[in-house]
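Novice: Supplied in structure tokens, the structure appears directly below.
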Amino acid sequence: MAVTVEYDVVVAGAGAAGMTGALAAARNGLSTVVIEKAAVFGGSAARSGAGIWVPNNEVVLAAGVPDTPAQADTYLAAVVGAEVPAVRRQAFLANGPAAISFVLTWTPLRFQWMGGYPDYYPELSGGMPNGRSIEPAAFDANILGDEYANLNPAYIPTPAGTVIYDVDYKWLALIARHPKGLATATDIVWRYLQLAAQGQNPITMGQALAGGLRAGLIAADVPVWLNTPLTELIVENGRVAGVLATRDGQQLEIRARRGVLIGSGGFEHNLAMRQQYQAAPIGVDWTVGAASNTGDGIRAGQEAGAALGLMDDSWWGPMIPLPDGPYFCLSERTLPGNVFVDGTGKRFVNEAAPYSDVVHVMYAGAHFPCWMIHDQQYRNRYLFQEIAPALPYPASWYANGALVSDWTIEGLAAKIGVPPAALRATVDRFNTLAKAGKDTDFKRGDSAYDAYFADPTNTPSPCLSALSLPPYYAFKIVPGDLGTKGGLVTDARARVLRPDGTVIPGLYAAGNASAAVMGHSYAGAGSTIGPAMTFGYTAGLEMAAST
Ligand SMILES: Cc1cc2nc3c(=O)[nH]c(=O)nc-3n(C[C@H](O)[C@H](O)[C@H](O)COP(=O)(O)OP(=O)(O)OC[C@H]3O[C@@H](n4cnc5c(N)ncnc54)[C@H](O)[C@@H]3O)c2cc1C
């Protein structure tokens, strides 16, 4: 027999959207519970870098970023296009700054500007070459007490004894090339020592974001029930009146007087949904999203009559299928001295373009398989994943087929199954462009974005370097993602809509359970978490204002 409990608000999912929404509901006077499917809280948000893209928030303005609402509006309109109704885009821009201020007020979280990290299309009108993204400052995990043990681990945990921010990676990758690399390495240890001396247990990036939001919920007396998946929505007279869930093997009916917020993330780990909605090749092995994100809330909303949107798309990123899981290569792809080729042995993309765009190009032209090729000079110069410059790559990478090497370009081509003459011609052509410092073929280096994870000591272009020092290496590149971006269609107030555009009363959605306000695009670092927090916050306020 189902146990029945009642709250004003039920939130499904303790990630970026769900926890922000629950906090907004609770701090506006509503009794609120969060149900979380996994044995841990934080979802993908806890695994993430926690870059947050919310133009004109108080943190970027205080840092002196010359942002204005008009510039942000112009930029976002150009980036997103007509795919998303302008009113929803504008609601994000209008409510985002308040969402950040709200989180600063009601959680111990502090944020800092990711200075220098450009918008992804900085040359568009309103784009910011020095960026307008923020990330959490170090957060003291001691604040969470025992609950810290329930925080979903980071995708790649930072080494013990360090305090690393998103903006440090650019310099760490250049440790063998630029004095700021070594200075940053020293700094990340020094920061730790300072905070540890104060008795803190500092955590950063997604760990800080999820931990800080959870701390806000603890202070607001909002319970987060782990191991409690939403299974179904209760719909009565056309209105969502609560949820069915399971907890400790028992069925639970949780009635919601004001509303239900679906913050249960995307469907990145649901093979059937991916095959139904997304183009081949597709699977669940190339995503780095939280394993518990299997589209449950999207399905439940659909059964309650909701429309779905953007289901074909994801927050894509080129990944290397390393033995212990897909590796989201960012600086490795953008640093000079590498080239992407497909099965024909030809280049097909600006390797340094925003990660979502690179995978869109892969799918659009069926550029599978794909390989990232570099030479020994590149290996000698740059950090690659956690492998220090000049060190050999692990044998296990070769063993699982993610990496191949050879002393000649032709030999490498034979090993990866591409025409040797074509690969030779591609590398020769690329080397000519690199020596001239201008990629007239794919415009790599034309945008300030391309130069962010590049090498300022490389000339004539920080983004282009010839491949001429053997041996040569080829990494397999697969179309991976940070999570999916399609889901329940919502309006500017985070209310879930039916296919005819009418509102389903009592039902709200935010984050990757909802169709992204970014449409098919990605405005800048934090374009998933910024809107997730903003529309979670909006939903909380809406439920407080509803009757
Ligand atoms: C390695 C990595 C780096 C990233 N870096 C960034 C970045 O810097 N900036 C950025 O903007 N984005 C980044 N992302 C993406 C970002 O983390 C996600 O897009 C974001 O967390 C989505 O927020 P969400 O609240 O929708 O989902 P999540 O944060 O994933 O939370 C969803 C929660 O819902 C729970 N859930 C699922 N099903 C149910 C159910 N049936 N009942 C109850 N609960 C359920 C899940 O267990 C999970 O805890 C990154 C992602 C990864 C993996």
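Residue names in the structure tokens use chain letters A, B, ... in the order shown, residue numbers from 1 in each chain, and ligand numbers from 1 in the order shown.
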Using only C-alpha atoms, which residues sit within 7 Å of A:Pro323 once same-chain residues fewer than 4 positions away are excluded, as number ranges by chain?

Specialist: A: 396-397, 400

Novice: Enumerate residues in contact with ligand 1: an atom-to-atom distance of at most 6 Å, counting only C-alpha atoms and all ligand atoms. Format the result as a PyMOL selection string.

Specialist: chain A and resi 12-18+35-38+41-45+47-52+155+229-231+263-265+288-290+292-293+296-297+482-483+511-513+525-530+532

Novice: Which of stretch 85-311 of chain A end up as alpha helix (DSSP H) when DSSP is run on this backbone - answer as number ranges by chain?

Specialist: A: 86-106, 169-172, 179-197, 205-219, 271-277, 296-303

Novice: Using only C-alpha atoms for the distances, tell me which of A:Arg239, A:Arg429, A:Arg333, A:Lys443 is nearest to A:Met372.

Specialist: A:Arg333

Novice: Using only C-alpha atoms, find the one residue out of A:Phe430, A:Tyr393, A:Tyr120, A:Tyr537 that sits nearest to A:Ser101.

Specialist: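 Among A:Phe430, A:Tyr393, A:Tyr120, A:Tyr537, it is A:Tyr537 that comes nearest to A:Ser101.
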
Novice: Write out, as a tab-separated table, each residue of stretch 462-491 of chain A that has an atom at most 12 Å from stretch 361-364 of chain A, together with the closest pair of atoms and their distance in Å to one decimal, counting only C-alpha atoms, rows going by chain and rising number.

Specialist:
residue	atom	partner	partner_atom	distance
A:Ile477	CA	A:Met362	CA	10.1
A:Val478	CA	A:Met362	CA	9.1
A:Pro479	CA	A:Met362	CA	7.5
A:Gly480	CA	A:Met362	CA	11.0

Novice: Since we have the selection now, will you write its residues out, keeping all heavy atoms, as an mmCIF file, in the first residue's frame?

Specialist:
data_model
loop_
_atom_site.group_PDB
_atom_site.id
_atom_site.type_symbol
_atom_site.label_atom_id
_atom_site.label_comp_id
_atom_site.auth_asym_id
_atom_site.auth_seq_id
_atom_site.Cartn_x
_atom_site.Cartn_y
_atom_site.Cartn_z
ATOM 1 N N ILE A 477 38.334 9.824 -31.943
ATOM 2 C CA ILE A 477 37.396 10.837 -31.444
ATOM 3 C C ILE A 477 35.974 10.355 -31.706
ATOM 4 O O ILE A 477 35.629 9.977 -32.837
ATOM 5 C CB ILE A 477 37.609 12.187 -32.162
ATOM 6 C CG1 ILE A 477 39.008 12.754 -31.861
ATOM 7 C CG2 ILE A 477 36.518 13.191 -31.794
ATOM 8 C CD1 ILE A 477 39.216 13.246 -30.441
ATOM 9 N N VAL A 478 35.147 10.368 -30.657
ATOM 10 C CA VAL A 478 33.743 9.955 -30.816
ATOM 11 C C VAL A 478 32.830 11.120 -30.424
ATOM 12 O O VAL A 478 33.236 12.013 -29.671
ATOM 13 C CB VAL A 478 33.426 8.715 -29.948
ATOM 14 C CG1 VAL A 478 34.184 7.498 -30.460
ATOM 15 C CG2 VAL A 478 33.739 8.960 -28.475
ATOM 16 N N PRO A 479 31.598 11.111 -30.954
ATOM 17 C CA PRO A 479 30.673 12.210 -30.643
ATOM 18 C C PRO A 479 30.038 12.022 -29.268
ATOM 19 O O PRO A 479 28.998 11.393 -29.132
ATOM 20 C CB PRO A 479 29.628 12.116 -31.757
ATOM 21 C CG PRO A 479 29.633 10.671 -32.154
ATOM 22 C CD PRO A 479 31.012 10.150 -31.908
ATOM 23 N N GLY A 480 30.679 12.560 -28.260
ATOM 24 C CA GLY A 480 30.156 12.430 -26.898
ATOM 25 C C GLY A 480 29.372 13.651 -26.478
ATOM 26 O O GLY A 480 29.094 14.551 -27.291
#

Novice: Per residue of stretch 446-528 of chain A within 10 Å of stretch 305-314 of chain A, what are the shortest atom pair and its distance in Å to one decimal, counting only C-alpha atoms, with rows by chain and residue number, as JSON lines?

Specialist:
{"residue": "A:Gly480", "atom": "CA", "partner": "A:Ser314", "partner_atom": "CA", "distance": 8.8}
{"residue": "A:Asp481", "atom": "CA", "partner": "A:Ser314", "partner_atom": "CA", "distance": 6.3}
{"residue": "A:Leu482", "atom": "CA", "partner": "A:Ser314", "partner_atom": "CA", "distance": 7.6}
{"residue": "A:Gly483", "atom": "CA", "partner": "A:Ser314", "partner_atom": "CA", "distance": 6.0}
{"residue": "A:Thr484", "atom": "CA", "partner": "A:Ser314", "partner_atom": "CA", "distance": 4.0}
{"residue": "A:Lys485", "atom": "CA", "partner": "A:Ser314", "partner_atom": "CA", "distance": 4.8}
{"residue": "A:Gly486", "atom": "CA", "partner": "A:Met311", "partner_atom": "CA", "distance": 4.0}
{"residue": "A:Gly487", "atom": "CA", "partner": "A:Leu308", "partner_atom": "CA", "distance": 5.2}
{"residue": "A:Leu488", "atom": "CA", "partner": "A:Leu308", "partner_atom": "CA", "distance": 4.7}
{"residue": "A:Val489", "atom": "CA", "partner": "A:Leu308", "partner_atom": "CA", "distance": 5.3}
{"residue": "A:Thr490", "atom": "CA", "partner": "A:Ala307", "partner_atom": "CA", "distance": 8.6}
{"residue": "A:Val496", "atom": "CA", "partner": "A:Ala306", "partner_atom": "CA", "distance": 6.5}
{"residue": "A:Leu497", "atom": "CA", "partner": "A:Ala306", "partner_atom": "CA", "distance": 5.6}
{"residue": "A:Arg498", "atom": "CA", "partner": "A:Ala306", "partner_atom": "CA", "distance": 4.4}
{"residue": "A:Pro499", "atom": "CA", "partner": "A:Ala307", "partner_atom": "CA", "distance": 4.6}
{"residue": "A:Asp500", "atom": "CA", "partner": "A:Ala307", "partner_atom": "CA", "distance": 8.2}
{"residue": "A:Gly501", "atom": "CA", "partner": "A:Ala307", "partner_atom": "CA", "distance": 8.3}
{"residue": "A:Thr502", "atom": "CA", "partner": "A:Ala306", "partner_atom": "CA", "distance": 9.4}
{"residue": "A:Val503", "atom": "CA", "partner": "A:Ala306", "partner_atom": "CA", "distance": 8.8}
{"residue": "A:Ile504", "atom": "CA", "partner": "A:Ala306", "partner_atom": "CA", "distance": 7.4}
{"residue": "A:Leu507", "atom": "CA", "partner": "A:Ala306", "partner_atom": "CA", "distance": 9.4}
{"residue": "A:Asn512", "atom": "CA", "partner": "A:Ser314", "partner_atom": "CA", "distance": 9.4}
{"residue": "A:Ala513", "atom": "CA", "partner": "A:Leu308", "partner_atom": "CA", "distance": 9.8}
{"residue": "A:Ser514", "atom": "CA", "partner": "A:Gly309", "partner_atom": "CA", "distance": 8.0}
{"residue": "A:Ala515", "atom": "CA", "partner": "A:Gly309", "partner_atom": "CA", "distance": 5.3}
{"residue": "A:Ala516", "atom": "CA", "partner": "A:Leu310", "partner_atom": "CA", "distance": 7.4}
{"residue": "A:Val517", "atom": "CA", "partner": "A:Leu310", "partner_atom": "CA", "distance": 10.0}
{"residue": "A:Gly519", "atom": "CA", "partner": "A:Leu310", "partner_atom": "CA", "distance": 7.1}
{"residue": "A:His520", "atom": "CA", "partner": "A:Asp313", "partner_atom": "CA", "distance": 6.8}
{"residue": "A:Ser521", "atom": "CA", "partner": "A:Asp313", "partner_atom": "CA", "distance": 9.5}

Novice: Convert the current residue selection to file output with C-alpha atoms, as a compact mmCIF listing (two decimals), in the first residue's frame.

Specialist:
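Okay, out.txt is ready:
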# COMPACT_ATOMS: atom_id res chain seq x y z
CA GLY A 480 30.16 12.43 -26.90
CA ASP A 481 28.22 14.84 -24.72
CA LEU A 482 27.88 16.48 -21.32
CA GLY A 483 24.22 15.44 -21.37
CA THR A 484 21.18 15.82 -23.59
CA LYS A 485 19.41 19.15 -24.12
CA GLY A 486 15.97 18.10 -25.34
CA GLY A 487 12.97 17.59 -23.13
CA LEU A 488 9.70 19.04 -21.90
CA VAL A 489 8.69 22.22 -23.69
CA THR A 490 8.29 25.06 -21.22
CA VAL A 496 5.31 22.79 -18.97
CA LEU A 497 3.28 23.08 -22.18
CA ARG A 498 1.13 20.69 -24.15
CA PRO A 499 1.64 20.33 -27.92
CA ASP A 500 -1.14 22.89 -28.45
CA GLY A 501 0.76 25.44 -26.36
CA THR A 502 -1.55 25.34 -23.35
CA VAL A 503 -0.11 25.04 -19.85
CA ILE A 504 -0.30 21.83 -17.84
CA LEU A 507 3.82 21.11 -13.73
CA ASN A 512 18.11 19.20 -19.03
CA ALA A 513 14.66 17.74 -18.42
CA SER A 514 13.39 20.73 -20.41
CA ALA A 515 14.06 21.78 -24.00
CA ALA A 516 17.04 24.13 -23.75
CA VAL A 517 16.64 27.90 -24.01
CA GLY A 519 18.21 25.95 -28.82
CA HIS A 520 20.81 24.12 -30.89
CA SER A 521 23.55 26.43 -29.74

Novice: Might you pull out every residue within 8 Å of stretch 83-100 of chain A, with only C-alpha atoms counted and same-chain residues fewer than 6 positions away left off, and present them as a PyMOL selection string?

Specialist: chain A and resi 54-58+69+72-73+76-77+491-493+517-520+530-531+533-535+537-538

Novice: Would you save the residues from that selection as a JSON list (two decimals), in the first residue's frame, using N, CA, C and O atoms?

Specialist:
[["chain", "number", "residue", "atom", "x", "y", "z"],
["A", 54, "VAL", "N", 25.36, 33.56, -17.11],
["A", 54, "VAL", "CA", 24.19, 34.38, -16.81],
["A", 54, "VAL", "C", 24.63, 35.83, -16.97],
["A", 54, "VAL", "O", 25.26, 36.40, -16.07],
["A", 55, "PRO", "N", 24.35, 36.44, -18.13],
["A", 55, "PRO", "CA", 24.81, 37.81, -18.35],
["A", 55, "PRO", "C", 24.28, 38.78, -17.30],
["A", 55, "PRO", "O", 23.19, 38.57, -16.74],
["A", 56, "ASN", "N", 25.07, 39.80, -17.03],
["A", 56, "ASN", "CA", 24.65, 40.91, -16.16],
["A", 56, "ASN", "C", 24.37, 40.52, -14.72],
["A", 56, "ASN", "O", 23.64, 41.23, -14.03],
["A", 57, "ASN", "N", 24.92, 39.40, -14.27],
["A", 57, "ASN", "CA", 24.73, 39.10, -12.85],
["A", 57, "ASN", "C", 25.64, 40.00, -12.02],
["A", 57, "ASN", "O", 26.60, 40.59, -12.53],
["A", 58, "GLU", "N", 25.36, 40.07, -10.74],
["A", 58, "GLU", "CA", 26.09, 41.03, -9.89],
["A", 58, "GLU", "C", 27.58, 40.73, -9.80],
["A", 58, "GLU", "O", 28.39, 41.62, -9.60],
["A", 69, "PRO", "N", 22.22, 44.69, -20.46],
["A", 69, "PRO", "CA", 21.10, 43.87, -20.91],
["A", 69, "PRO", "C", 20.92, 43.92, -22.42],
["A", 69, "PRO", "O", 20.62, 42.89, -23.05],
["A", 72, "ALA", "N", 23.56, 41.67, -24.08],
["A", 72, "ALA", "CA", 23.28, 40.25, -23.86],
["A", 72, "ALA", "C", 22.11, 39.80, -24.74],
["A", 72, "ALA", "O", 22.14, 38.70, -25.31],
["A", 73, "ASP", "N", 21.12, 40.65, -24.86],
["A", 73, "ASP", "CA", 19.94, 40.32, -25.68],
["A", 73, "ASP", "C", 20.33, 40.17, -27.15],
["A", 73, "ASP", "O", 19.94, 39.21, -27.82],
["A", 76, "LEU", "N", 22.49, 36.89, -27.48],
["A", 76, "LEU", "CA", 21.76, 35.63, -27.35],
["A", 76, "LEU", "C", 20.80, 35.42, -28.52],
["A", 76, "LEU", "O", 20.65, 34.29, -29.02],
["A", 77, "ALA", "N", 20.19, 36.50, -28.98],
["A", 77, "ALA", "CA", 19.30, 36.38, -30.14],
["A", 77, "ALA", "C", 20.07, 35.87, -31.35],
["A", 77, "ALA", "O", 19.60, 34.99, -32.08],
["A", 491, "ASP", "N", 7.40, 27.28, -20.99],
["A", 491, "ASP", "CA", 7.26, 28.68, -21.40],
["A", 491, "ASP", "C", 8.24, 29.54, -20.60],
["A", 491, "ASP", "O", 9.11, 29.03, -19.89],
["A", 492, "ALA", "N", 8.08, 30.86, -20.72],
["A", 492, "ALA", "CA", 9.01, 31.78, -20.08],
["A", 492, "ALA", "C", 8.95, 31.69, -18.56],
["A", 492, "ALA", "O", 9.86, 32.15, -17.87],
["A", 493, "ARG", "N", 7.85, 31.07, -18.05],
["A", 493, "ARG", "CA", 7.69, 30.96, -16.59],
["A", 493, "ARG", "C", 7.99, 29.55, -16.10],
["A", 493, "ARG", "O", 7.59, 29.19, -14.99],
["A", 517, "VAL", "N", 16.85, 26.52, -23.53],
["A", 517, "VAL", "CA", 16.64, 27.90, -24.01],
["A", 517, "VAL", "C", 17.74, 28.28, -25.00],
["A", 517, "VAL", "O", 17.61, 29.24, -25.75],
["A", 518, "MET", "N", 18.82, 27.52, -25.01],
["A", 518, "MET", "CA", 19.92, 27.77, -25.95],
["A", 518, "MET", "C", 19.63, 27.22, -27.34],
["A", 518, "MET", "O", 20.45, 27.38, -28.25],
["A", 519, "GLY", "N", 18.50, 26.54, -27.51],
["A", 519, "GLY", "CA", 18.21, 25.95, -28.82],
["A", 519, "GLY", "C", 19.30, 24.97, -29.19],
["A", 519, "GLY", "O", 19.76, 24.19, -28.37],
["A", 520, "HIS", "N", 19.75, 25.04, -30.45],
["A", 520, "HIS", "CA", 20.81, 24.12, -30.89],
["A", 520, "HIS", "C", 22.20, 24.67, -30.59],
["A", 520, "HIS", "O", 23.19, 24.09, -31.03],
["A", 530, "GLY", "N", 23.67, 27.81, -16.19],
["A", 530, "GLY", "CA", 23.06, 29.13, -16.00],
["A", 530, "GLY", "C", 21.55, 29.09, -16.19],
["A", 530, "GLY", "O", 20.78, 29.47, -15.29],
["A", 531, "PRO", "N", 21.08, 28.60, -17.34],
["A", 531, "PRO", "CA", 19.63, 28.50, -17.53],
["A", 531, "PRO", "C", 18.97, 27.50, -16.58],
["A", 531, "PRO", "O", 17.83, 27.72, -16.14],
["A", 533, "MET", "N", 19.69, 26.84, -13.48],
["A", 533, "MET", "CA", 19.47, 27.52, -12.20],
["A", 533, "MET", "C", 18.40, 28.60, -12.34],
["A", 533, "MET", "O", 17.54, 28.76, -11.48],
["A", 534, "THR", "N", 18.46, 29.32, -13.46],
["A", 534, "THR", "CA", 17.52, 30.43, -13.64],
["A", 534, "THR", "C", 16.08, 29.93, -13.74],
["A", 534, "THR", "O", 15.17, 30.47, -13.07],
["A", 535, "PHE", "N", 15.85, 28.90, -14.55],
["A", 535, "PHE", "CA", 14.46, 28.44, -14.69],
["A", 535, "PHE", "C", 14.01, 27.61, -13.48],
["A", 535, "PHE", "O", 12.82, 27.57, -13.17],
["A", 537, "TYR", "N", 14.86, 28.50, -10.44],
["A", 537, "TYR", "CA", 14.49, 29.64, -9.58],
["A", 537, "TYR", "C", 13.13, 30.21, -9.98],
["A", 537, "TYR", "O", 12.25, 30.45, -9.15],
["A", 538, "THR", "N", 12.96, 30.38, -11.29],
["A", 538, "THR", "CA", 11.69, 30.93, -11.80],
["A", 538, "THR", "C", 10.53, 30.03, -11.38],
["A", 538, "THR", "O", 9.47, 30.52, -10.95]]

Novice: Select from stretch 133-248 of chain A everything DSSP, run on the backbone, classes as strand (DSSP E), then give the selection as a PyMOL selection string.

Specialist: chain A and resi 133-136+139-140+202-203+224-225+230-236+239-247
